[in-house]
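Pasted below: entry-v7.csv, CSV, C-alpha atoms.
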chain,number,residue,atom,x,y,z
A,43,MET,CA,4.0,-19.7,-14.2
A,44,LYS,CA,4.4,-23.3,-15.4
A,45,ILE,CA,8.0,-24.5,-15.6
A,46,ARG,CA,8.5,-27.3,-18.2
A,47,LYS,CA,12.0,-26.4,-19.7
A,48,ILE,CA,14.9,-24.8,-17.9
A,49,ILE,CA,18.2,-23.7,-19.4
A,50,ILE,CA,21.3,-23.7,-17.2
A,51,SER,CA,24.0,-21.4,-18.4
A,52,GLN,CA,26.8,-23.9,-17.5
A,53,PRO,CA,28.5,-26.8,-19.2
A,54,ASP,CA,26.8,-30.2,-18.9
A,55,PRO,CA,27.9,-31.7,-15.5
A,56,GLN,CA,28.7,-35.1,-17.3
A,57,SER,CA,27.6,-37.1,-14.3
A,58,GLU,CA,24.5,-39.3,-13.9
A,59,LYS,CA,24.6,-38.5,-10.2
A,60,SER,CA,24.2,-34.7,-10.7
A,61,PRO,CA,21.6,-33.2,-8.4
A,62,TYR,CA,20.2,-31.5,-11.5
A,63,ASN,CA,19.2,-35.0,-12.9
A,64,GLU,CA,17.4,-35.7,-9.6
A,65,LEU,CA,15.4,-32.4,-10.0
A,66,SER,CA,14.5,-33.3,-13.6
A,67,GLU,CA,13.1,-36.7,-12.6
A,68,LYS,CA,11.4,-35.3,-9.4
A,69,TYR,CA,9.5,-32.6,-11.2
A,70,GLY,CA,9.3,-33.8,-14.7
A,71,VAL,CA,11.1,-30.8,-16.2
A,72,GLN,CA,13.6,-30.7,-19.0
A,73,LEU,CA,17.0,-29.3,-18.0
A,74,ASP,CA,19.3,-28.2,-20.8
A,75,PHE,CA,22.9,-27.1,-20.2
A,76,ARG,CA,24.5,-24.5,-22.4
A,77,PRO,CA,27.4,-22.1,-21.6
A,78,PHE,CA,26.4,-18.5,-22.4
A,79,ILE,CA,30.1,-17.4,-22.4
A,80,HIS,CA,33.4,-18.9,-23.5
A,81,VAL,CA,37.1,-18.1,-23.3
A,82,GLU,CA,39.2,-16.8,-26.2
A,83,GLY,CA,42.9,-16.1,-26.0
A,84,VAL,CA,44.1,-12.7,-26.9
A,85,THR,CA,46.0,-12.5,-30.2
A,86,PRO,CA,49.8,-11.9,-30.3
A,87,LYS,CA,49.0,-8.4,-31.6
A,88,GLU,CA,46.7,-7.7,-28.7
A,89,PHE,CA,49.3,-9.0,-26.2
A,90,ARG,CA,52.1,-6.9,-27.8
A,91,GLN,CA,50.0,-3.8,-27.4
A,92,GLN,CA,50.2,-4.3,-23.6
A,93,LYS,CA,54.0,-3.8,-23.8
A,94,ILE,CA,54.8,-6.6,-21.4
A,95,ASN,CA,58.2,-8.2,-21.5
A,96,ILE,CA,57.7,-11.7,-20.1
A,97,GLN,CA,61.4,-12.3,-19.8
A,98,GLU,CA,61.8,-9.3,-17.4
A,99,HIS,CA,59.8,-11.3,-14.8
A,100,SER,CA,61.2,-13.9,-12.5
A,101,ALA,CA,57.9,-15.4,-11.3
A,102,VAL,CA,54.4,-16.0,-12.6
A,103,ILE,CA,51.2,-16.1,-10.5
A,104,PHE,CA,48.5,-18.5,-11.7
A,105,THR,CA,44.9,-18.5,-10.5
A,106,SER,CA,43.6,-21.0,-13.0
A,107,LYS,CA,44.6,-23.7,-15.4
A,108,THR,CA,43.2,-21.5,-18.2
A,109,GLY,CA,45.8,-18.9,-17.2
A,110,ILE,CA,48.5,-21.5,-17.6
A,111,ASP,CA,47.3,-22.6,-21.0
A,112,HIS,CA,47.3,-19.0,-22.4
A,113,PHE,CA,50.5,-18.0,-20.8
A,114,PHE,CA,52.4,-20.8,-22.5
A,115,ARG,CA,50.4,-20.3,-25.7
A,116,ILE,CA,51.4,-16.6,-26.0
A,117,CYS,CA,55.1,-17.6,-25.3
A,118,GLU,CA,54.9,-20.2,-28.1
A,119,GLU,CA,53.2,-17.9,-30.6
A,120,LEU,CA,55.6,-15.0,-29.9
A,121,ARG,CA,58.6,-17.4,-29.7
A,122,ILE,CA,59.5,-16.2,-26.2
A,123,PRO,CA,61.6,-18.8,-24.4
A,124,VAL,CA,60.5,-19.1,-20.8
A,125,PRO,CA,63.7,-19.0,-18.5
A,126,GLU,CA,64.5,-22.2,-16.7
A,127,THR,CA,64.8,-20.1,-13.5
A,128,MET,CA,61.2,-18.9,-13.7
A,129,LYS,CA,59.2,-19.5,-10.5
A,130,TYR,CA,55.5,-20.3,-10.4
A,131,PHE,CA,53.1,-19.4,-7.7
A,132,CYS,CA,49.7,-21.2,-7.9
A,133,ILE,CA,46.5,-20.7,-5.9
A,134,THR,CA,45.9,-24.5,-5.5
A,135,GLU,CA,47.9,-27.7,-5.6
A,136,SER,CA,45.9,-29.0,-8.6
A,137,ILE,CA,46.8,-25.9,-10.6
A,138,ALA,CA,50.4,-26.4,-9.7
A,139,PHE,CA,50.4,-30.0,-10.9
A,140,TYR,CA,48.8,-28.8,-14.2
A,141,LEU,CA,52.1,-27.1,-14.9
A,142,GLN,CA,53.6,-30.5,-15.7
A,143,LYS,CA,51.8,-30.2,-19.1
A,144,TYR,CA,54.4,-27.5,-20.0
A,145,ILE,CA,57.4,-27.8,-17.7
A,146,VAL,CA,59.4,-30.3,-15.7
A,147,TYR,CA,57.9,-30.1,-12.2
A,148,ARG,CA,60.5,-29.0,-9.7
A,149,LYS,CA,59.5,-28.2,-6.1
A,150,ARG,CA,62.2,-25.6,-5.7
A,151,LYS,CA,60.5,-23.3,-8.2
A,152,ILE,CA,56.8,-24.2,-7.8
A,153,PHE,CA,54.8,-22.9,-4.9
A,154,TYR,CA,51.1,-23.2,-4.1
A,155,GLY,CA,48.5,-22.1,-1.6
A,156,ASN,CA,45.7,-24.0,0.1
A,157,ASN,CA,42.8,-23.0,-2.2
A,158,THR,CA,42.6,-19.3,-1.4
A,159,PHE,CA,44.6,-16.3,-2.6
A,160,LYS,CA,45.1,-15.3,1.1
A,161,ASP,CA,47.1,-18.5,1.6
A,162,LEU,CA,49.1,-17.9,-1.5
A,163,MET,CA,49.9,-14.3,-0.5
A,164,GLU,CA,51.7,-15.5,2.6
A,165,ILE,CA,54.0,-17.4,0.3
A,166,ILE,CA,54.4,-14.6,-2.2
A,167,LEU,CA,55.4,-12.2,0.7
A,168,LYS,CA,58.3,-14.5,1.5
A,169,HIS,CA,59.6,-13.9,-2.1
A,170,LYS,CA,59.1,-10.1,-2.4
A,171,ASP,CA,62.4,-9.8,-4.3
A,172,GLU,CA,60.8,-11.5,-7.3
A,173,LYS,CA,59.2,-9.5,-10.2
A,174,PHE,CA,55.8,-11.2,-10.7
A,175,LEU,CA,53.7,-11.5,-13.8
A,176,LEU,CA,49.9,-12.0,-13.2
A,177,PRO,CA,48.1,-13.5,-16.2
A,178,LEU,CA,44.4,-12.5,-16.1
A,179,SER,CA,41.3,-12.5,-18.2
A,180,ASN,CA,39.2,-9.6,-19.4
A,181,PRO,CA,37.0,-9.0,-17.5
A,182,HIS,CA,38.5,-10.1,-14.1
A,183,LYS,CA,37.7,-9.6,-10.5
A,184,PRO,CA,39.9,-6.7,-9.1
A,185,GLU,CA,40.5,-8.3,-5.7
A,186,ILE,CA,43.8,-10.1,-6.5
A,187,PRO,CA,45.5,-7.1,-8.2
A,188,LYS,CA,44.3,-4.9,-5.3
A,189,THR,CA,45.8,-7.3,-2.7
A,190,LEU,CA,49.1,-7.4,-4.5
A,191,THR,CA,49.2,-3.6,-4.8
A,192,LYS,CA,48.3,-3.0,-1.2
A,193,ALA,CA,51.1,-5.4,-0.1
A,194,LYS,CA,53.5,-3.5,-2.4
A,195,VAL,CA,54.4,-6.6,-4.4
A,196,ASN,CA,56.4,-5.8,-7.6
A,197,TYR,CA,54.1,-7.2,-10.2
A,198,THR,CA,52.7,-6.7,-13.8
A,199,LYS,CA,49.1,-7.4,-14.7
A,200,GLY,CA,48.7,-8.9,-18.1
A,201,ILE,CA,45.6,-9.8,-20.1
A,202,PHE,CA,46.2,-13.2,-21.7
A,203,TYR,CA,42.6,-14.3,-22.5
A,204,LYS,CA,39.1,-12.9,-22.5
A,205,THR,CA,35.6,-14.0,-21.6
A,206,VAL,CA,33.2,-13.4,-24.5
A,207,SER,CA,29.6,-13.9,-25.2
A,208,SER,CA,28.5,-17.1,-27.0
A,209,ASP,CA,26.1,-16.9,-29.9
A,210,LEU,CA,22.6,-17.8,-28.7
A,211,SER,CA,20.7,-16.6,-31.7
A,212,ASP,CA,19.5,-20.2,-32.5
A,213,LEU,CA,17.3,-19.9,-29.4
A,214,ASN,CA,14.8,-17.7,-31.2
A,215,PRO,CA,11.9,-17.9,-30.4
A,216,PHE,CA,13.2,-18.5,-26.9
A,217,PRO,CA,12.0,-22.1,-26.0
A,218,TYR,CA,12.5,-22.0,-22.2
A,219,ASP,CA,10.4,-21.2,-19.2
A,220,MET,CA,13.4,-20.4,-16.9
A,221,ILE,CA,17.0,-19.4,-17.2
A,222,VAL,CA,19.6,-20.0,-14.5
A,223,PHE,CA,22.6,-17.6,-14.6
A,224,TYR,CA,26.0,-18.3,-13.0
A,225,SER,CA,27.8,-15.1,-13.9
A,226,PRO,CA,27.1,-11.5,-14.8
A,227,ASN,CA,28.7,-12.2,-18.2
A,228,GLY,CA,26.0,-14.7,-18.8
A,229,VAL,CA,23.4,-12.0,-18.4
A,230,LYS,CA,25.3,-9.8,-20.8
A,231,SER,CA,25.5,-12.6,-23.3
A,232,LEU,CA,21.7,-13.0,-23.3
A,233,PHE,CA,21.3,-9.3,-24.3
A,234,ASP,CA,24.1,-9.5,-26.8
A,235,SER,CA,22.2,-12.2,-28.7
A,236,PHE,CA,18.8,-10.6,-28.0
A,237,PRO,CA,19.0,-6.9,-27.5
A,238,ASP,CA,15.2,-6.5,-27.3
A,239,PHE,CA,14.8,-9.4,-24.8
A,240,HIS,CA,11.7,-9.2,-22.7
A,241,GLN,CA,11.2,-11.4,-19.6
A,242,ASN,CA,7.4,-11.7,-19.6
A,243,ASN,CA,6.6,-14.9,-17.7
A,244,LEU,CA,10.1,-16.3,-17.9
A,245,ALA,CA,11.5,-17.3,-14.5
A,246,ILE,CA,15.1,-16.3,-13.7
A,247,GLY,CA,17.6,-17.8,-11.2
A,248,ALA,CA,21.0,-16.4,-10.3
A,249,PHE,CA,24.0,-17.9,-8.4
A,250,GLY,CA,26.0,-15.4,-6.4
A,251,ASP,CA,25.5,-11.8,-5.4
A,252,THR,CA,27.2,-10.2,-8.4
A,253,THR,CA,25.1,-12.4,-10.8
A,254,ALA,CA,21.9,-11.4,-8.9
A,255,LYS,CA,22.8,-7.7,-9.2
A,256,ALA,CA,23.5,-8.1,-12.9
A,257,VAL,CA,20.0,-9.6,-13.4
A,258,LYS,CA,18.4,-6.7,-11.5
A,259,ASP,CA,20.5,-4.1,-13.2
A,260,ALA,CA,19.3,-5.5,-16.5
A,261,GLY,CA,15.8,-4.7,-15.5
A,262,LEU,CA,14.9,-8.4,-15.0
A,263,ARG,CA,12.9,-10.0,-12.2
A,264,LEU,CA,14.8,-12.4,-10.1
A,265,ASP,CA,12.8,-15.4,-8.9
A,266,VAL,CA,15.5,-17.7,-7.4
A,267,LYS,CA,18.8,-16.8,-5.8
A,268,ALA,CA,21.5,-18.9,-4.3
A,269,PRO,CA,23.4,-19.3,-2.1
A,270,THR,CA,21.4,-18.1,0.9
A,271,GLU,CA,21.2,-19.0,4.5
A,272,THR,CA,18.4,-21.4,3.7
A,273,PHE,CA,19.6,-22.7,0.3
A,274,LYS,CA,23.4,-23.3,0.0
A,275,SER,CA,23.2,-24.5,-3.6
A,276,MET,CA,21.3,-23.6,-6.7
A,277,THR,CA,19.8,-27.1,-6.9
A,278,GLN,CA,18.4,-26.7,-3.4
A,279,ALA,CA,16.9,-23.3,-4.3
A,280,LEU,CA,15.4,-24.7,-7.5
A,281,ASP,CA,14.0,-27.6,-5.6
A,282,HIS,CA,12.1,-25.3,-3.3
A,283,PHE,CA,11.0,-23.0,-6.2
A,284,LEU,CA,9.7,-25.9,-8.3
A,285,LYS,CA,7.9,-27.4,-5.3
A,286,GLU,CA,6.1,-24.1,-4.7
A,287,GLN,CA,5.2,-23.8,-8.4
A,288,ALA,CA,3.8,-27.3,-8.3
A,289,LYS,CA,1.5,-26.3,-5.4
A,290,LYS,CA,-0.1,-23.6,-7.6
A,291,LYS,CA,-1.2,-26.0,-10.3
Can the structure in the file be given as structure tokens, please?
Amino acid sequence: MKIRKIIISQPDPQSEKSPYNELSEKYGVQLDFRPFIHVEGVTPKEFRQQKINIQEHSAVIFTSKTGIDHFFRICEELRIPVPETMKYFCITESIAFYLQKYIVYRKRKIFYGNNTFKDLMEIILKHKDEKFLLPLSNPHKPEIPKTLTKAKVNYTKGIFYKTVSSDLSDLNPFPYDMIVFYSPNGVKSLFDSFPDFHQNNLAIGAFGDTTAKAVKDAGLRLDVKAPTETFKSMTQALDHFLKEQAKKK
């Protein structure tokens, strides 16, 4: 197969020093970036259907800045005043600092872990008397709710936003020789836009085990996978793949 044009199902890295730019120059291939999925907030009606009373909770757990945005959006749209006493537990320091967009930052009510939920759980367990609200997306990974349930933390899971497929119908006929997926939802998005999609000679790359599984479950051939013991990043794996393809010319 001859690889001239590759589509990366991610936003443009916005950096001239991106390793993807180096690949493009090294092998003379065109690299286009386009998210196959995007985030939409649930509507007030959809949120009400979950029968969650935000003011019954004394603390909120945030795993992303997106979660913060949609928590405060729902509160504003439903005219729910957030109590001054509300405590916030964030998975990273940068997510905690992002709260300043919406509240006055006070250390006595904002707590954060060291980049992993395991770290944050140690802090949460010191505040087990709180009633926690966990804003999530649909779909979401089940590990965090499972961890909280196993630890017998008093919490409510709420869907505040959702990941949906982007419209890719303008890519018809499909103009690329390779797709690189970064999430299982990206694979779903492809088939949402092209239900009768056939791979033929198209090369496919996948980042992460769950993405690779989604590619195979969709009946597609996986040509490049990362990370592996040999290739820690997708750009390293692509470099090797393109080098091998160049040898076959």
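Residue nearest Ser66 in chain A within the list A:Leu280, A:Ile116, A:Ile201, A:Leu213: A:Leu280 [criterion: smallest interatomic distance, only C-alpha atoms].
Residue nearest Gln72 in chain A, chosen from A:Pro55, A:Phe223, A:Pro217, A:Val146 and counting only C-alpha atoms: A:Pro217.
Among the candidates A:Ile110, A:Ala260, A:Leu284, A:Leu175, the residue lying nearest to Ala245 in chain A is A:Leu284 (atoms considered: all atoms listed in the file).
Residues within 12 Å of Lys289 in chain A, counting all atoms listed in the file and excluding same-chain residues fewer than 6 positions away, are Met43, Lys44, Tyr69, His282 and Phe283 of chain A.
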- For Ser207 in chain A, work out the shell of residues within 8 Å, counting only C-alpha atoms and skipping chain neighbours fewer than 2 positions away, then give it as a ChimeraX atom specification. /A:78-80,205,209,227-228,230-231,234
Just to be explicit: take each residue in the selection above, keep C-alpha atoms, and write the result as a PDB file, in the coordinates of the input.
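This is the output file out36.pdb:
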ATOM      1  CA  PHE A  78      26.400 -18.500 -22.400  1.00  0.00           C
ATOM      2  CA  ILE A  79      30.100 -17.400 -22.400  1.00  0.00           C
ATOM      3  CA  HIS A  80      33.400 -18.900 -23.500  1.00  0.00           C
ATOM      4  CA  THR A 205      35.600 -14.000 -21.600  1.00  0.00           C
ATOM      5  CA  ASP A 209      26.100 -16.900 -29.900  1.00  0.00           C
ATOM      6  CA  ASN A 227      28.700 -12.200 -18.200  1.00  0.00           C
ATOM      7  CA  GLY A 228      26.000 -14.700 -18.800  1.00  0.00           C
ATOM      8  CA  LYS A 230      25.300  -9.800 -20.800  1.00  0.00           C
ATOM      9  CA  SER A 231      25.500 -12.600 -23.300  1.00  0.00           C
ATOM     10  CA  ASP A 234      24.100  -9.500 -26.800  1.00  0.00           C
TER      11      ASP A 234
END
At a cut-off of 6 Å, can you tabulate as a Markdown table every residue of range 90-150 of chain A near range 165-174 of chain A together with its closest atom pair and the distance in Å to one decimal, using all atoms listed in the file and ordering rows by chain then number?
| residue | atom | partner | partner_atom | distance |
| --- | --- | --- | --- | --- |
| A:His99 | CA | A:Lys173 | CA | 5.0 |
| A:Ser100 | CA | A:Lys173 | CA | 5.4 |
| A:Ala101 | CA | A:Phe174 | CA | 4.7 |
| A:Val102 | CA | A:Phe174 | CA | 5.3 |
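Interatomic distance, CA of Phe114 in chain A against CA of Pro86 in chain A: 12.1 Å.
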Distance cut-off 9 Å, centre (19.7, -21.1, -17.3) in file coordinates, counting all atoms listed in the file: which residues qualify? Return them as a list in words. Ile48, Ile49, Ile50, Ser51, Gln52, Leu73, Asp74, Phe75, Arg76, Pro77, Phe78, Tyr218, Met220, Ile221, Val222, Phe223, Tyr224, Ile246, Gly247 and Ala248 of chain A
